[in-house]
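Containing mmCIF, C-alpha atoms: final_31.cif.
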```cif
data_protein
#
loop_
_atom_site.label_atom_id
_atom_site.label_comp_id
_atom_site.auth_asym_id
_atom_site.auth_seq_id
_atom_site.Cartn_x
_atom_site.Cartn_y
_atom_site.Cartn_z
CA MET A 1 106.93 80.88 116.95
CA LEU A 2 105.38 80.58 120.39
CA ARG A 3 103.92 77.24 121.35
CA THR A 4 101.05 76.53 123.73
CA ILE A 5 102.69 76.28 127.15
CA PRO A 6 102.43 72.71 128.51
CA GLU A 7 102.17 71.79 132.17
CA VAL A 8 105.23 69.51 132.01
CA MET A 9 108.34 69.39 129.85
CA THR A 10 111.10 66.90 129.15
CA ALA A 11 114.49 68.23 130.26
CA PRO A 12 118.02 66.81 130.25
CA LYS A 13 119.26 65.44 133.56
CA PHE A 14 123.04 65.53 134.19
CA GLU A 15 123.52 62.31 136.13
CA GLY A 16 127.29 62.53 136.57
CA GLY A 17 129.95 60.29 135.12
CA GLY A 18 129.44 61.88 131.71
CA ILE A 19 125.84 60.61 131.43
CA ILE A 20 122.86 62.76 130.44
CA SER A 21 119.36 61.28 130.67
CA PHE A 22 115.96 62.93 130.30
CA HIS A 23 113.17 63.37 132.81
CA GLU A 24 109.88 65.20 133.09
CA LYS A 25 109.51 68.28 135.23
CA ALA A 26 106.82 70.88 135.70
CA VAL A 27 106.92 73.99 133.54
CA PRO A 28 107.20 76.85 136.06
CA VAL A 29 104.65 79.65 136.29
CA PRO A 30 106.12 83.15 136.44
CA GLY A 31 105.52 85.12 139.61
CA ALA A 32 105.88 88.83 140.27
CA GLY A 33 108.78 90.30 138.29
CA GLN A 34 109.42 87.03 136.45
CA LEU A 35 109.41 85.92 132.83
CA LEU A 36 108.95 82.43 131.42
CA LEU A 37 111.09 81.95 128.32
CA GLN A 38 110.51 79.46 125.57
CA VAL A 39 114.15 78.57 125.02
CA GLY A 40 115.35 78.58 121.43
CA ALA A 41 119.07 77.95 121.93
CA ASN A 42 121.66 77.42 124.65
CA ALA A 43 125.40 77.17 124.07
CA LEU A 44 127.71 74.68 125.76
CA CYS A 45 130.50 75.99 127.98
CA GLY A 46 133.68 74.53 129.46
CA SER A 47 132.49 75.58 132.92
CA GLU A 48 129.84 72.83 132.63
CA ARG A 49 132.54 70.16 132.75
CA GLY A 50 131.90 69.68 136.46
CA GLN A 51 128.17 69.22 135.92
CA PHE A 52 128.75 66.76 133.07
CA TYR A 53 131.11 64.57 135.08
CA GLU A 54 129.85 65.14 138.63
CA GLY A 55 126.14 65.64 138.03
CA SER A 56 123.76 68.51 138.74
CA ASP A 57 120.62 68.91 140.83
CA VAL A 58 119.35 71.60 138.46
CA THR A 59 118.99 71.76 134.68
CA PRO A 60 122.26 73.32 133.42
CA GLY A 61 122.61 75.92 130.71
CA HIS A 62 123.81 79.48 131.31
CA GLU A 63 124.05 80.80 127.74
CA GLY A 64 120.39 80.77 126.84
CA ALA A 65 118.24 82.76 124.46
CA GLY A 66 114.60 82.52 123.52
CA VAL A 67 111.23 84.24 123.47
CA VAL A 68 109.07 85.45 126.35
CA ALA A 69 106.23 82.92 126.56
CA ALA A 70 104.54 84.30 129.67
CA ALA A 71 105.07 87.28 131.96
CA GLY A 72 104.24 87.57 135.63
CA PRO A 73 102.77 90.56 137.46
CA GLU A 74 104.91 93.71 137.78
CA THR A 75 106.74 93.11 134.51
CA THR A 76 106.88 95.31 131.41
CA THR A 77 108.32 92.96 128.76
CA PRO A 78 105.67 91.91 126.22
CA VAL A 79 105.03 88.25 125.51
CA GLY A 80 106.76 87.35 122.24
CA THR A 81 109.87 89.45 122.90
CA PRO A 82 113.10 87.67 121.87
CA GLY A 83 116.21 87.99 123.99
CA ALA A 84 119.10 86.48 125.92
CA VAL A 85 119.63 85.69 129.61
CA PHE A 86 122.37 87.30 131.71
CA LEU A 87 123.92 84.57 133.89
CA MET A 88 123.95 86.38 137.23
CA ASP A 89 120.70 87.38 138.90
CA PHE A 90 122.00 90.66 140.30
CA CYS A 91 120.11 92.53 143.02
CA GLY A 92 120.26 95.99 141.42
CA ASP A 93 120.60 97.70 144.81
CA CYS A 94 124.03 96.95 146.26
CA ARG A 95 127.10 99.18 145.91
CA SER A 96 128.42 97.29 142.90
CA CYS A 97 125.09 97.24 141.07
CA ALA A 98 124.59 100.96 141.70
CA LEU A 99 127.83 101.59 139.80
CA GLY A 100 126.89 99.19 136.99
CA PHE A 101 129.16 96.34 138.11
CA THR A 102 126.40 93.74 138.02
CA ASN A 103 128.99 90.96 137.63
CA GLN A 104 130.23 91.81 141.13
CA CYS A 105 126.84 92.01 142.84
CA SER A 106 127.29 91.47 146.58
CA GLN A 107 123.73 90.17 147.02
CA LYS A 108 123.44 87.96 143.94
CA ARG A 109 120.29 85.85 144.01
CA ALA A 110 121.18 83.11 141.55
CA ASP A 111 123.47 81.85 138.79
CA TYR A 112 121.20 80.50 136.07
CA GLY A 113 122.11 76.96 135.09
CA PHE A 114 124.28 76.42 138.17
CA ASN A 115 122.05 76.77 141.24
CA VAL A 116 118.68 77.31 139.54
CA ASP A 117 117.36 75.74 136.34
CA GLY A 118 118.99 77.01 133.16
CA GLY A 119 118.47 76.92 129.45
CA PHE A 120 118.89 73.30 128.36
CA GLY A 121 115.23 72.75 129.19
CA ALA A 122 112.45 73.80 126.84
CA TYR A 123 111.38 76.59 129.23
CA GLU A 124 113.40 78.74 131.65
CA LEU A 125 112.10 80.97 134.44
CA VAL A 126 114.10 84.16 134.99
CA ASN A 127 113.75 87.45 136.79
CA GLU A 128 113.00 90.22 134.31
CA ASN A 129 116.11 92.22 135.24
CA VAL A 130 118.42 89.62 133.63
CA PHE A 131 116.52 89.46 130.33
CA PHE A 132 118.02 91.45 127.45
CA ALA A 133 115.78 91.99 124.43
CA VAL A 134 117.23 91.66 120.93
CA ASP A 135 116.11 92.44 117.39
CA SER A 136 113.16 90.43 116.09
CA ASP A 137 115.21 89.28 113.10
CA MET A 138 117.96 87.81 115.30
CA SER A 139 117.85 84.06 115.84
CA PRO A 140 118.23 82.61 119.35
CA THR A 141 121.50 80.99 118.25
CA GLU A 142 122.87 84.36 117.16
CA ALA A 143 121.70 85.89 120.44
CA THR A 144 123.76 83.39 122.47
CA LEU A 145 126.88 85.07 121.07
CA LEU A 146 126.10 88.12 123.22
CA LEU A 147 126.85 86.12 126.37
CA ASP A 148 130.13 84.28 127.00
CA ILE A 149 131.53 84.85 123.51
CA MET A 150 131.02 88.61 123.19
CA GLY A 151 130.16 89.65 126.74
CA THR A 152 132.99 87.95 128.62
CA ASN A 153 135.61 88.89 126.05
CA GLY A 154 134.41 92.43 125.44
CA HIS A 155 134.60 93.00 129.20
CA GLY A 156 138.18 91.70 129.24
CA ILE A 157 139.16 94.05 126.42
CA ARG A 158 137.58 97.02 128.19
CA TRP A 159 139.61 96.13 131.30
CA ALA A 160 142.78 96.04 129.19
CA GLN A 161 142.02 99.44 127.69
CA MET A 162 141.84 100.98 131.15
CA ALA A 163 145.48 99.98 131.69
CA ARG A 164 146.71 100.37 128.11
CA LYS A 165 144.85 102.69 125.73
CA ASP A 166 147.19 102.20 122.76
CA ILE A 167 146.83 98.45 122.15
CA GLU A 168 148.43 97.70 118.78
CA SER A 169 149.05 93.94 119.18
CA ALA A 170 147.77 91.12 121.36
CA VAL A 171 148.24 87.50 122.32
CA VAL A 172 145.46 85.11 123.33
CA THR A 173 146.42 81.92 125.15
CA GLY A 174 143.89 79.19 124.48
CA ALA A 175 141.82 78.84 121.30
CA GLY A 176 138.76 77.23 122.82
CA PRO A 177 135.43 79.00 122.36
CA ILE A 178 136.37 81.80 124.76
CA GLY A 179 139.77 82.25 123.11
CA LEU A 180 138.16 82.31 119.67
CA GLY A 181 135.64 84.79 121.02
CA MET A 182 138.47 86.95 122.33
CA LEU A 183 140.12 86.86 118.91
CA GLY A 184 136.82 87.85 117.30
CA MET A 185 136.10 90.68 119.73
CA LEU A 186 139.64 92.07 119.45
CA LYS A 187 139.15 92.28 115.69
CA VAL A 188 135.66 93.76 115.98
CA MET A 189 136.49 96.29 118.71
CA LEU A 190 140.08 97.28 117.89
CA GLY A 191 140.27 96.71 114.13
CA PHE A 192 140.69 93.82 111.75
CA ASP A 193 144.30 94.85 111.03
CA LEU A 194 145.27 94.27 114.69
CA PRO A 195 147.80 91.40 114.85
CA VAL A 196 146.47 88.79 117.30
CA VAL A 197 148.65 85.78 118.09
CA ILE A 198 146.62 82.87 119.47
CA THR A 199 147.91 79.62 120.98
CA ASP A 200 146.55 76.13 121.50
CA VAL A 201 147.51 72.47 121.02
CA ILE A 202 144.46 71.42 118.95
CA PRO A 203 144.92 71.88 115.19
CA TYR A 204 141.15 72.16 114.55
CA ARG A 205 140.86 75.24 116.74
CA LEU A 206 144.06 76.79 115.45
CA ASP A 207 142.81 76.36 111.87
CA LEU A 208 139.57 78.10 112.83
CA ALA A 209 141.55 80.89 114.48
CA ALA A 210 143.56 81.36 111.28
CA GLN A 211 140.33 81.46 109.28
CA MET A 212 139.20 84.31 111.56
CA GLY A 213 142.38 86.29 110.96
CA GLY A 214 144.42 85.16 113.95
CA LEU A 215 148.11 84.26 113.93
CA PRO A 216 148.15 80.67 115.27
CA VAL A 217 150.89 79.09 117.34
CA ASN A 218 150.74 75.39 118.21
CA VAL A 219 152.44 75.34 121.60
CA ALA A 220 152.75 71.55 121.42
CA GLU A 221 155.34 72.19 118.70
CA ARG A 222 157.00 75.50 119.66
CA THR A 223 157.03 78.11 122.40
CA LEU A 224 154.96 81.26 122.33
CA ALA A 225 158.18 83.29 122.08
CA ASP A 226 159.19 81.33 118.99
CA GLY A 227 155.70 81.74 117.56
CA LEU A 228 155.80 85.50 118.05
CA GLU A 229 159.10 85.67 116.20
CA ARG A 230 157.74 83.57 113.33
CA HIS A 231 154.87 86.03 113.01
CA GLY A 232 157.24 89.01 112.99
CA LEU A 233 156.63 90.21 116.54
CA SER A 234 159.03 90.66 119.43
CA ASP A 235 156.35 91.42 122.04
CA VAL A 236 152.71 92.48 122.35
CA ASP A 237 150.82 95.23 124.13
CA ALA A 238 148.11 93.04 125.67
CA GLY A 239 147.77 89.41 126.66
CA PHE A 240 144.52 87.57 127.36
CA ASP A 241 144.68 84.20 129.09
CA THR A 242 141.55 82.15 128.41
CA SER A 243 143.19 78.79 129.10
CA GLY A 244 143.37 78.82 132.89
CA VAL A 245 146.78 77.11 132.61
CA GLY A 246 149.57 78.58 134.71
CA GLY A 247 152.29 77.98 132.13
CA ALA A 248 150.25 79.66 129.39
CA ARG A 249 149.54 82.62 131.64
CA ARG A 250 153.25 82.96 132.41
CA ALA A 251 154.14 82.80 128.71
CA ALA A 252 151.61 85.55 128.00
CA LEU A 253 153.17 87.72 130.71
CA ASP A 254 156.64 87.14 129.24
CA SER A 255 155.38 88.25 125.84
CA LEU A 256 154.32 91.69 127.05
CA SER A 257 156.02 94.93 126.11
CA GLN A 258 156.66 97.78 128.51
CA ARG A 259 153.29 99.10 129.77
CA GLY A 260 151.74 95.81 128.71
CA VAL A 261 148.63 94.42 130.36
CA LEU A 262 147.70 90.81 131.09
CA VAL A 263 144.00 90.03 131.51
CA CYS A 264 143.21 86.72 133.26
CA ILE A 265 139.87 85.34 132.10
CA GLY A 266 140.30 81.57 132.33
CA HIS A 267 139.78 80.17 135.83
CA GLY A 268 142.31 77.77 137.34
CA GLY A 269 146.07 77.48 137.50
CA GLY A 270 148.41 80.01 139.04
CA LEU A 271 151.03 82.55 138.10
CA ASP A 272 154.57 82.74 139.41
CA LEU A 273 156.13 86.17 139.06
CA THR A 274 158.84 88.39 140.45
CA ILE A 275 157.44 91.81 141.24
CA SER A 276 160.28 94.11 140.20
CA PRO A 277 161.25 92.73 136.75
CA ASP A 278 157.77 91.46 135.85
CA LEU A 279 155.67 94.41 137.01
CA ILE A 280 157.38 97.46 138.49
CA GLY A 281 160.25 97.95 136.05
CA PRO A 282 158.23 97.62 132.83
CA GLU A 283 155.08 99.11 134.46
CA ARG A 284 152.92 96.17 133.47
CA ALA A 285 149.45 95.47 134.83
CA ILE A 286 147.68 92.20 135.62
CA VAL A 287 143.92 92.19 136.07
CA GLY A 288 141.23 89.59 136.56
CA SER A 289 138.08 89.71 134.45
CA GLU A 290 134.88 87.89 135.48
CA TYR A 291 131.97 87.55 133.02
CA PHE A 292 130.68 91.05 132.11
CA CYS A 293 128.32 93.84 133.15
CA PHE A 294 124.70 93.91 132.00
CA ASN A 295 125.12 97.48 130.75
CA GLU A 296 127.69 96.31 128.18
CA LEU A 297 125.03 94.39 126.24
CA PRO A 298 123.70 97.29 124.11
CA ASP A 299 127.16 98.05 122.69
CA ASN A 300 127.78 94.37 122.05
CA LEU A 301 124.43 94.04 120.29
CA ALA A 302 125.54 96.83 117.94
CA TYR A 303 128.77 94.93 117.26
CA LEU A 304 126.78 91.76 116.57
CA ARG A 305 124.47 93.55 114.15
CA SER A 306 127.51 94.78 112.20
CA HIS A 307 129.57 91.58 112.28
CA ARG A 308 127.11 88.66 112.40
CA ASP A 309 128.71 86.56 109.67
CA TYR A 310 132.21 86.99 111.07
CA LEU A 311 131.26 86.15 114.67
CA MET A 312 129.00 83.24 113.66
CA GLN A 313 132.14 81.41 112.48
CA ILE A 314 132.79 80.65 116.15
CA ILE A 315 129.67 78.45 116.28
CA THR A 316 130.73 75.28 114.49
CA HIS A 317 128.07 72.79 115.63
CA ARG A 318 124.30 73.15 116.15
CA MET A 319 122.32 70.17 117.49
CA PRO A 320 118.86 69.35 118.84
CA VAL A 321 118.46 68.72 122.56
CA SER A 322 117.99 65.01 121.80
CA ASP A 323 121.69 64.94 120.83
CA ILE A 324 122.94 66.72 123.95
CA GLN A 325 124.92 63.68 125.14
CA TYR A 326 126.86 63.53 121.87
CA ALA A 327 127.21 67.32 121.86
CA PHE A 328 129.02 67.33 125.21
CA GLU A 329 131.23 64.38 124.29
CA LEU A 330 132.25 66.09 121.06
CA PHE A 331 132.75 69.45 122.76
CA PHE A 332 135.03 68.11 125.49
CA ALA A 333 137.05 66.16 122.90
CA GLY A 334 138.17 69.56 121.63
CA ASN A 335 137.51 69.45 117.90
CA THR A 336 134.82 72.13 117.91
CA GLY A 337 134.34 75.83 118.26
CA LYS A 338 131.18 76.82 120.11
CA VAL A 339 128.47 74.14 120.21
CA VAL A 340 124.82 75.21 120.51
CA ILE A 341 121.77 73.16 121.48
CA GLU A 342 118.70 74.35 119.59
CA GLN A 343 115.14 73.62 120.74
#
```
Step by step, read the file and then write its structure as structure tokens.
Amino acid sequence: MLRTIPEVMTAPKFEGGGIISFHEKAVPVPGAGQLLLQVGANALCGSERGQFYEGSDVTPGHEGAGVVAAAGPETTTPVGTPGAVFLMDFCGDCRSCALGFTNQCSQKRADYGFNVDGGFGAYELVNENVFFAVDSDMSPTEATLLLDIMGTNGHGIRWAQMARKDIESAVVTGAGPIGLGMLGMLKVMLGFDLPVVITDVIPYRLDLAAQMGGLPVNVAERTLADGLERHGLSDVDAGFDTSGVGGARRAALDSLSQRGVLVCIGHGGGLDLTISPDLIGPERAIVGSEYFCFNELPDNLAYLRSHRDYLMQIITHRMPVSDIQYAFELFFAGNTGKVVIEQ
């Protein structure tokens, strides 16, 4: 339900050193082409680690969803429309945008939550082009799934399918929220009978992965190769690294069959390889996958409509903004799936 828009709001302030305080700031007024959202939910992300420990000059939050509270001139979205916010404020005119690759915009104007205010505040100002409307019966918390969980992982799977159309098995390295999202999207997009091996060192996340139909391997106890064998597999057609750890990425590459594809989603780390035996001989492919394209959202919304209960398993904790300090501490301790702040 829409509230009367105040002139000021209380928003979390990431001070650095793992400290979040609260301060008052003006509620922005939308200008031409802009929407003011009354935020309903915003999910935590591992990419906010730097802001939590080093501080931020803006209000973080790049997985936000809410309701249009006010609309500026030259907009067409009605007040009261629910929806989610695409992270990257793409220009819509450059070569990449013209082809639909809005995640590779060469004239990007902003990254919401990183260099302009994001969704951990009660209100968020966005350009209309990054707002994606959802069904009126969909909660803001459900809508956040369309972003990093479904969007980022669906994009990675679509990349893999360009290199390998006949994916009949997969491995996911890292069972954090993105890894769990990758497991979920592999099942939703490629079939629930698809064997998906998933690795981590945190039992909580591996248990959740098993609950979602994954084949868990605790790599603190055994290698990925040993885990594959225990699950009755000798290799896999596709690997998805969400960990950003070089050793995990290398293990995923080693697990690939001929014509296998490795999709690198997690930032960080490196990858040592030898071109002939690793790539040329077996005709393997390695691709990078960054966020997703805005035009993928309609298909993902259809997936969410059909698989809400299954995908909502990934969200394990929901807290009010007053508990945001505890939420981040708990999240970075590792014993969670996706954590969502609800307004």
Problem - Among the residues A:Glu54, A:Tyr326, A:Asn218, A:Val188, the one that comes closest to A:Arg305 [using all atoms listed in the file] - result: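 Going through A:Glu54, A:Tyr326, A:Asn218, A:Val188 one by one, the smallest distance to A:Arg305 is for A:Val188.
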Handout entry: Residues returned when the PyMOL selection byres ((chain A and resi 131) around 8) runs on this file, as JSON, numbers by chain
Key = {"A": [83, 84, 85, 86, 126, 127, 128, 129, 130, 132, 133]}
Practice task
Grab the atom CA of A:Met150 to atom CA of A:Gly33 distance for me, in Å with one decimal place.
Solution key: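 Interatomic distance, atom CA of A:Met150 to atom CA of A:Gly33: 26.9 Å.
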Handout entry: Expansion of the PyMOL selection byres ((chain A and resi 164-173) around 7) into residues, as a list in words
Key = Ala160, Gln161, Met162, Ala163, Gly174, Ala175, Gly179, Leu194, Pro195, Val196, Val197, Ile198, Thr199, Asp200, Val236, Asp237, Ala238, Gly239, Phe240, Asp241, Thr242, Ser243, Ala248, Ala252, Arg259, Gly260 and Val261 of chain A
Practice task
Please measure the separation of atom CA of A:Thr10 and atom CA of A:Gly80, giving the value in Å to one decimal.
Solution key: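 Separating atom CA of A:Thr10 from atom CA of A:Gly80 is a distance of 22.0 Å.
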Handout entry: Cut-off 9 Å around (121.4, 69.7, 137.3) with all atoms listed in the file: residues as a count of residues only
Key = 18
Problem - Matched chain/residue IDs from the PyMOL selection byres ((chain A and resi 156) around 12), as a VMD selection string - result: chain A and resid 148 to 155 157 to 163 172 178 to 179 181 to 183 185 to 186 189 238 to 242 261 to 266 286 to 293 296
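If you measure from each of A:Arg205, A:Gly247, A:Gln343, A:Ala302 to A:Leu2 using only C-alpha atoms, the closest one turns out to be A:Gln343.
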Practice task
To one decimal in Å, tell me the separation between atom CA of A:Glu283 and atom CA of A:Ser255.
Solution key: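 Here the two named atoms are 13.9 Å from each other.
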Practice task
Rank nothing, just name the residue among A:Ala251, A:Arg230, A:Leu208, A:Gln107 nearest to A:Arg95, using all atoms listed in the file.
Solution key: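 Nearest to A:Arg95: A:Gln107.
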Handout entry: Nearest to A:Gly334, chosen from A:Gly18, A:Pro320, A:Ala32, A:Ile202, with only C-alpha atoms counted in the distances
Key = A:Ile202
Practice task
Could you give me, as a PyMOL selection string, the residues that have an atom at most 7 Å away from the point (102.2, 86.2, 140.7) in the coordinates of the file, using only C-alpha atoms?
Solution key: chain A and resi 30-32+72-73
